[in-house]
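What follows is one structure encoded as structure tokens, with my remarks underneath.
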Amino acid sequence: MPKNTTPRKHSAVEIIKTLGARIEVSRQGKGRPVLVLHSEDAYETGSTLIDTLAKKREVIQFNMPGYGKSSLPKNLRTIDDISYLYLDILDQLELKKVTILGFSVGAWLAAEMASKSCERIQKLVLTGALGVKFGGPYVRDIEDIYYHPREKVRELKFHDTNKDPDFDMTGYNTRQSLIVARRREVIAKFCWDPYFHNPALKTRLARISVPTLVVWGSNDGLTRPKYGRAYAKHIDGARFTEIPRAGHYPHVEQPGAFQRKIEKFIA
Amino acid sequence: MEFYHFTEFPWPHLPPDDTFTSMRVNLPSKVYDPVVGADLYNSYIDQYVLADELGINCMINEHHQTATCLSPSGPLQMAILARETKNARLCILGNPIANIADPIRCAEEMAMIDNISHGRLECGFVRGVPYELFSSNRNPTETAERLWESIDLIRKAWTSHDGPFNYEGKWIHKRQVNLWPRPYQQPHPPIWTTGGSSHAHACRTIENGFTFAMFLTPADRLAEMFNGVRDHCKTKGLPAPADDQFAYMPLVAVGETEEEARKMIEGVFWYVTHNKAELQFRAPPGYVETSLYAKVVTGQFTGGRTDAIRTQGIDFFKKNHVAIYGTPDSVVKQIKSLYRKVGGFGHLIAMLHAGDMSYELTAKSMTLFAKEVVPKIKHLGSISTGFGPLAERPKVKPKKKVKKKAKARA
């Protein structure tokens with residue numbers, strides 16, 4: 001079932017105005033702050049991963065513009081633009097020493113933020129991060145999800161396609177279907193061209209000055225582990241780790257292994 | 001009413017149908033043989049030269065990465081026809097300005113063609129079908145906006161004659177726009193757009209004083225759209241748009257006998273039966289309405305009307321006036337019937353060729369259409385009394401209703 005990106009009731013949800021946009025922010029749990037930036041498929045929102053993290057920490061989630069109750073102002077055109085909104089929200093909330101967990105496009109956003117300012121950031125965990133072009137012009141760094149049929153895209157994203165939370169959407173009602181469709185339109189708006197990357201980010205990664213863990217599924221067909229290693233190489237001191245029997249969303253396919261991988265790093 | 005001949009410049013020599021999944025986007029070009037193709041190009045141009053000789057007009061288009069259409073540049077065909085024809089109106093439907101890099105270059109090319117042809121250009125601007133986004137790499141969420149921004153800029157460029165002006169809009173930036181040459185037709189060539197399901201786009205087209213065209217649409221949907229626009233104008237207190245602001249393209253074949261026409265339309269029907277494309281090429285996110293796209297992403301939409309009509313066959317097309325064919329008298333009746341059902345239109349674009357139809361067979365159908373059909377229906381349709389935005393035009397006189405047995409005017 002598609003989780004509405006509106007977070008659970010027991011967490012505090014507020015709309016924060018920033019630079020012409022309204023961003024839905026939820027906070028749950030107590031302790032050191034962990035900011036979770038969801039992937040394009042938003043599998044993280046409302047997941048057990050969030051609940052587990054919230055047992056020891058305060059988990060903060062931003063809904064991307066166009067997701068949940070976050071607005072999608074016309075002047076926003078790039079992931080780079082969104083990163084300024086998020087940095088501004090960190091300022092407004094006066095958060096300090098935040099660990100950011102970003103997934104896929106959310107990891108791209110985390111990298112964009114940290115490349116601009118690490119003032120409020122303590123650590124980064126980038127899982128299946130997108131956003132950079134490493135290969136030459138004829139190299140397809142990131143497989144084309146718009147070109148392939150949906151079954152093929154699923155195979156690219158998942159080691160075990162049965163673990164795709166959106167495996168069978170034929171029973172979705174109108175509201176659920178619209179949520180999924182709207183998300184994909186939002187991602188196309190920001191990521192169609194340049195395809196899932198910001199040409200300026202590769203050079204800017206050198207500005208990231210906090211400990212960074214780059215996590216990759218060994219069988220990620222969307223962006224191969226080679227891409228993840230290149231990502232880590234461009235961030236000073238970053239560590240790279242793989243999770244076997246997992247694709248682009250290792251936290252979905254191997255939640256236990258994922259938790260163990262990150263627990264020590266973010267402790 | 002104005003009449004146009006249309007062929008999409010097809011490549012008909014395809015491998016077995018079960019060996020490829022799509023005519024569009026990913027069909028390898030090894031399927032194309034340049035030796036055969038060179039003759040095809042010239043044969044297709046000959047069709048348009050014949051159309052001119054027969055006294056009908058020409059409509060041309062472009063597509064990319066597809067065997068359905070060997071023309072990747074409408075302006076190139078237009079440039080050839082500007083010289084090769086003498087009287088025909090030359091309609092391009094259209095320039096995919098949302099997808100191309102430089103709308104001003106398009107404005108320049110169109111102005112040049114308008115000059116060479118001594119003012120015979122009918123200039124269409126289109127958003128482009130969804131498959132085109134894979135060749136152009138244009139973001140599907142932007143193209144509707146880009147289309148209209150480009151149209152507005154081109155119109156401004158065509159009508160500004162006092163040196164450079166500045167333009168820094170949302171999608172296009174040009175600091176020194178100074179168009180050479182200016183168009184032959186003043187203030188500028190007639191503008192057209194095409195549409196599918198967007199009522200708002202159709203209304204915007206008509207309100208601007210442009211011509212709105214629809215292709216291969218069942219009569220009930222066509223009526224709904226055309227009359228929806230007319231109602232919109234009425235509600236806004238605008239003058240009623242004349243029929244020549246509405247255009248329609250069906251598949252057409254005219255034979256000496258019903259049997260011959262049937263054989264011809266089966267040739268044209270190739271376009272329908274061979275126009276297959278993978279679903280994701282037909283609905284990239286942001287191109288279609290969110291409500292339809294929602295059905296695509298969740299697997300609730302598996303082919304829709306396009307696939308359904310492909311399997312329904314020629315008779316279904318005829319019933320809905322998407323295919324108009326028969327003897328001249330029968331075709332006249334069908335067009336008049338369609339005209340009544342949709343509340344009138346002023347341009348009939350006849351797709352008289354597709355697939356591997358020979359030049360001779362196509363020429364016969366075209367000749368019967370031009371000589372036996374056109375004279376009996378060319379009086380149909382009211383004509384605009386002004387140019388420019390609808391709000392600035394004088395009111396069109398109410399037209400006479402077409403009776404079932406209306407006599408052709410001399």
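In the structure tokens, the first chain shown is A, the next is B, and so on; residue numbers restart at 1 for each chain, and ligands run from 1 in the order shown.
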
Within 9 Å of chain A, which residues of chain B show up? Give each one with its shortest atom-to-atom distance in Å (one decimal) and the two atoms involved, counting only C-alpha atoms, rows by chain then rising residue number, as a Markdown table.
| residue | atom | partner | partner_atom | distance |
| --- | --- | --- | --- | --- |
| B:Phe134 | CA | A:Tyr147 | CA | 7.7 |
| B:Asn137 | CA | A:Asp193 | CA | 7.1 |
| B:Arg138 | CA | A:Asp193 | CA | 7.3 |
| B:Asn139 | CA | A:Trp192 | CA | 5.7 |
| B:Pro140 | CA | A:Ala188 | CA | 7.6 |
| B:Thr141 | CA | A:Lys189 | CA | 5.6 |
| B:Glu142 | CA | A:Lys189 | CA | 7.6 |
| B:Glu278 | CA | A:Pro149 | CA | 7.5 |
| B:Leu279 | CA | A:Pro149 | CA | 7.4 |
| B:Gln280 | CA | A:Pro149 | CA | 6.0 |
| B:Phe281 | CA | A:Tyr147 | CA | 7.0 |
| B:Pro284 | CA | A:Tyr146 | CA | 6.7 |
| B:Pro285 | CA | A:Glu185 | CA | 5.0 |
| B:Gly286 | CA | A:Glu185 | CA | 5.1 |
| B:Tyr287 | CA | A:Glu185 | CA | 8.8 |
| B:Thr290 | CA | A:Ala181 | CA | 6.3 |
| B:Ser291 | CA | A:Leu178 | CA | 6.6 |
| B:Leu292 | CA | A:Ala181 | CA | 9.0 |
| B:Tyr293 | CA | A:Ala181 | CA | 6.1 |
| B:Ala294 | CA | A:Ala181 | CA | 4.7 |
| B:Lys295 | CA | A:Ser177 | CA | 6.9 |
| B:Val296 | CA | A:Ala181 | CA | 8.5 |
| B:Val297 | CA | A:Ala181 | CA | 6.5 |
| B:Thr298 | CA | A:Met169 | CA | 4.7 |
| B:Gly299 | CA | A:Thr170 | CA | 5.5 |
| B:Gln300 | CA | A:Thr170 | CA | 5.6 |

#### Entry: Residues within 10 Å of Gly195 (chain B), only C-alpha atoms, excluding chain neighbours under 3 positions, as a list in words
Val126, Arg127, Gly128, Ser198, His199, Ala200, His201, Ala202, Thr205, Phe212, Ala213, Met214, Phe215 and Met225 of chain B

Quick one: everything within 9 Å of region 148-165 of chain B, counting only C-alpha atoms, minus sequence neighbours fewer than 4 positions away in the same chain. Send it as a ChimeraX atom specification.
/B:97-98,102-104,106-108,111,125,127,143-144,169-172,174-183,186-189,191

- Query: So which residues touch region 13-21 of chain A within 10 Å, counting only C-alpha atoms, skipping near sequence neighbours fewer than 2 positions away, as a PyMOL selection string?
  - Reply: chain A and resi 6-11+23-28+60-63+65+69-76+81-82+84-89+92-93

Across B:Ala79, B:Gln185, B:Val332, B:Gly344, the smallest distance to Ala370 (chain B), with only C-alpha atoms counted, is shown by B:Val332

Near region 224-247 of chain A, 10 Å: region 59-131 of chain A residue rows, closest pairs, only C-alpha atoms, as CSV:
residue,atom,partner,partner_atom,distance
A:Ala111,CA,A:Ile235,CA,9.5
A:Ser115,CA,A:Ile235,CA,9.6
A:Leu124,CA,A:Ala238,CA,9.2
A:Val125,CA,A:Arg239,CA,9.7
A:Leu126,CA,A:Gly228,CA,9.2
A:Thr127,CA,A:Gly228,CA,8.7
A:Gly128,CA,A:Gly228,CA,7.0
A:Ala129,CA,A:Gly228,CA,7.3
A:Leu130,CA,A:Gly228,CA,8.9
A:Gly131,CA,A:Tyr231,CA,9.6

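Remark: for Val153 (chain A), the closest of the candidate residues A:Leu109, A:Ala12, A:Leu222, A:Val252 is A:Leu222 (distances computed over only C-alpha atoms).
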
Pairwise distance, CA of Lys264 (chain A) with CA of Ala42 (chain A), equals 24.5 Å

Among region 11-233 of chain B, which ones does DSSP assign to strand (DSSP E or B) (computed from the backbone)? Answer as number ranges by chain. B: 24, 57-60, 66, 90-95, 121-125, 165-168, 173-177, 191-194, 211-215

Counting only C-alpha atoms, the option among A:Lys30, A:His197, A:Glu253, A:Val59 closest to Asn162 (chain A):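 Among the listed residues, the smallest separation from Asn162 (chain A) belongs to A:Glu253.
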
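The residue that comes closest to Ala267 (chain A), out of A:Asn198, A:Thr99, A:Thr223, A:Ser104 and on the basis of only C-alpha atoms, is A:Thr99.
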
Self-check item: Per-residue DSSP, region 81-117 of chain B, filtered to helix (DSSP H, G or I), as a PyMOL selection string
Solution: chain B and resi 81-84+103-116

Would you export the selected residues with N, CA, C and O atoms as a PDB file, in the first residue's frame, please?
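This is the output file again-v1.pdb:
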ATOM      1  N   LEU B  81       8.746  21.914 -50.674  1.00  0.00           N
ATOM      2  CA  LEU B  81       7.417  22.159 -51.242  1.00  0.00           C
ATOM      3  C   LEU B  81       7.198  23.635 -51.584  1.00  0.00           C
ATOM      4  O   LEU B  81       6.433  23.966 -52.492  1.00  0.00           O
ATOM      5  N   ALA B  82       7.877  24.514 -50.861  1.00  0.00           N
ATOM      6  CA  ALA B  82       7.743  25.941 -51.163  1.00  0.00           C
ATOM      7  C   ALA B  82       8.147  26.218 -52.610  1.00  0.00           C
ATOM      8  O   ALA B  82       7.610  27.110 -53.271  1.00  0.00           O
ATOM      9  N   ARG B  83       9.119  25.442 -53.120  1.00  0.00           N
ATOM     10  CA  ARG B  83       9.560  25.593 -54.512  1.00  0.00           C
ATOM     11  C   ARG B  83       8.804  24.675 -55.466  1.00  0.00           C
ATOM     12  O   ARG B  83       8.514  25.039 -56.596  1.00  0.00           O
ATOM     13  N   GLU B  84       8.522  23.462 -55.014  1.00  0.00           N
ATOM     14  CA  GLU B  84       7.964  22.450 -55.905  1.00  0.00           C
ATOM     15  C   GLU B  84       6.465  22.627 -56.164  1.00  0.00           C
ATOM     16  O   GLU B  84       5.931  21.998 -57.060  1.00  0.00           O
ATOM     17  N   PRO B 103      13.456  28.316 -30.495  1.00  0.00           N
ATOM     18  CA  PRO B 103      12.226  28.717 -31.186  1.00  0.00           C
ATOM     19  C   PRO B 103      12.436  29.874 -32.164  1.00  0.00           C
ATOM     20  O   PRO B 103      11.695  29.992 -33.146  1.00  0.00           O
ATOM     21  N   ILE B 104      13.441  30.691 -31.928  1.00  0.00           N
ATOM     22  CA  ILE B 104      13.679  31.813 -32.846  1.00  0.00           C
ATOM     23  C   ILE B 104      14.196  31.301 -34.188  1.00  0.00           C
ATOM     24  O   ILE B 104      13.822  31.798 -35.244  1.00  0.00           O
ATOM     25  N   ARG B 105      15.033  30.276 -34.148  1.00  0.00           N
ATOM     26  CA  ARG B 105      15.462  29.674 -35.416  1.00  0.00           C
ATOM     27  C   ARG B 105      14.238  29.143 -36.177  1.00  0.00           C
ATOM     28  O   ARG B 105      14.144  29.293 -37.396  1.00  0.00           O
ATOM     29  N   CYS B 106      13.315  28.558 -35.459  1.00  0.00           N
ATOM     30  CA  CYS B 106      12.078  28.076 -36.071  1.00  0.00           C
ATOM     31  C   CYS B 106      11.317  29.243 -36.709  1.00  0.00           C
ATOM     32  O   CYS B 106      10.842  29.143 -37.841  1.00  0.00           O
ATOM     33  N   ALA B 107      11.234  30.366 -35.997  1.00  0.00           N
ATOM     34  CA  ALA B 107      10.539  31.546 -36.529  1.00  0.00           C
ATOM     35  C   ALA B 107      11.215  32.034 -37.813  1.00  0.00           C
ATOM     36  O   ALA B 107      10.550  32.423 -38.786  1.00  0.00           O
ATOM     37  N   GLU B 108      12.542  31.992 -37.821  1.00  0.00           N
ATOM     38  CA  GLU B 108      13.296  32.403 -39.013  1.00  0.00           C
ATOM     39  C   GLU B 108      13.012  31.479 -40.190  1.00  0.00           C
ATOM     40  O   GLU B 108      12.763  31.927 -41.317  1.00  0.00           O
ATOM     41  N   GLU B 109      13.084  30.177 -39.919  1.00  0.00           N
ATOM     42  CA  GLU B 109      12.859  29.204 -40.995  1.00  0.00           C
ATOM     43  C   GLU B 109      11.448  29.346 -41.574  1.00  0.00           C
ATOM     44  O   GLU B 109      11.253  29.312 -42.795  1.00  0.00           O
ATOM     45  N   MET B 110      10.485  29.508 -40.691  1.00  0.00           N
ATOM     46  CA  MET B 110       9.096  29.626 -41.154  1.00  0.00           C
ATOM     47  C   MET B 110       8.909  30.912 -41.970  1.00  0.00           C
ATOM     48  O   MET B 110       8.203  30.920 -42.978  1.00  0.00           O
ATOM     49  N   ALA B 111       9.554  31.979 -41.533  1.00  0.00           N
ATOM     50  CA  ALA B 111       9.449  33.242 -42.270  1.00  0.00           C
ATOM     51  C   ALA B 111      10.063  33.089 -43.662  1.00  0.00           C
ATOM     52  O   ALA B 111       9.525  33.591 -44.658  1.00  0.00           O
ATOM     53  N   MET B 112      11.171  32.377 -43.758  1.00  0.00           N
ATOM     54  CA  MET B 112      11.822  32.159 -45.055  1.00  0.00           C
ATOM     55  C   MET B 112      10.922  31.330 -45.970  1.00  0.00           C
ATOM     56  O   MET B 112      10.754  31.658 -47.155  1.00  0.00           O
ATOM     57  N   ILE B 113      10.333  30.289 -45.425  1.00  0.00           N
ATOM     58  CA  ILE B 113       9.428  29.447 -46.223  1.00  0.00           C
ATOM     59  C   ILE B 113       8.207  30.257 -46.666  1.00  0.00           C
ATOM     60  O   ILE B 113       7.737  30.131 -47.804  1.00  0.00           O
ATOM     61  N   ASP B 114       7.727  31.116 -45.803  1.00  0.00           N
ATOM     62  CA  ASP B 114       6.584  31.975 -46.160  1.00  0.00           C
ATOM     63  C   ASP B 114       6.957  32.900 -47.324  1.00  0.00           C
ATOM     64  O   ASP B 114       6.148  33.148 -48.221  1.00  0.00           O
ATOM     65  N   ASN B 115       8.208  33.363 -47.316  1.00  0.00           N
ATOM     66  CA  ASN B 115       8.676  34.226 -48.413  1.00  0.00           C
ATOM     67  C   ASN B 115       8.824  33.449 -49.712  1.00  0.00           C
ATOM     68  O   ASN B 115       8.321  33.861 -50.756  1.00  0.00           O
ATOM     69  N   ILE B 116       9.535  32.331 -49.655  1.00  0.00           N
ATOM     70  CA  ILE B 116       9.780  31.557 -50.886  1.00  0.00           C
ATOM     71  C   ILE B 116       8.458  31.128 -51.522  1.00  0.00           C
ATOM     72  O   ILE B 116       8.318  31.109 -52.738  1.00  0.00           O
TER      73      ILE B 116
END

Margin query: Just want the 7 Å neighbourhood of Gln245 (chain B), counted on only C-alpha atoms, with same-chain residues fewer than 2 positions away dropped. Output as a list in words.
Written below: Ile206, Phe210, Thr211, Phe212, Pro241, Ala242, Asp243, Ala247 and Gly346 of chain B
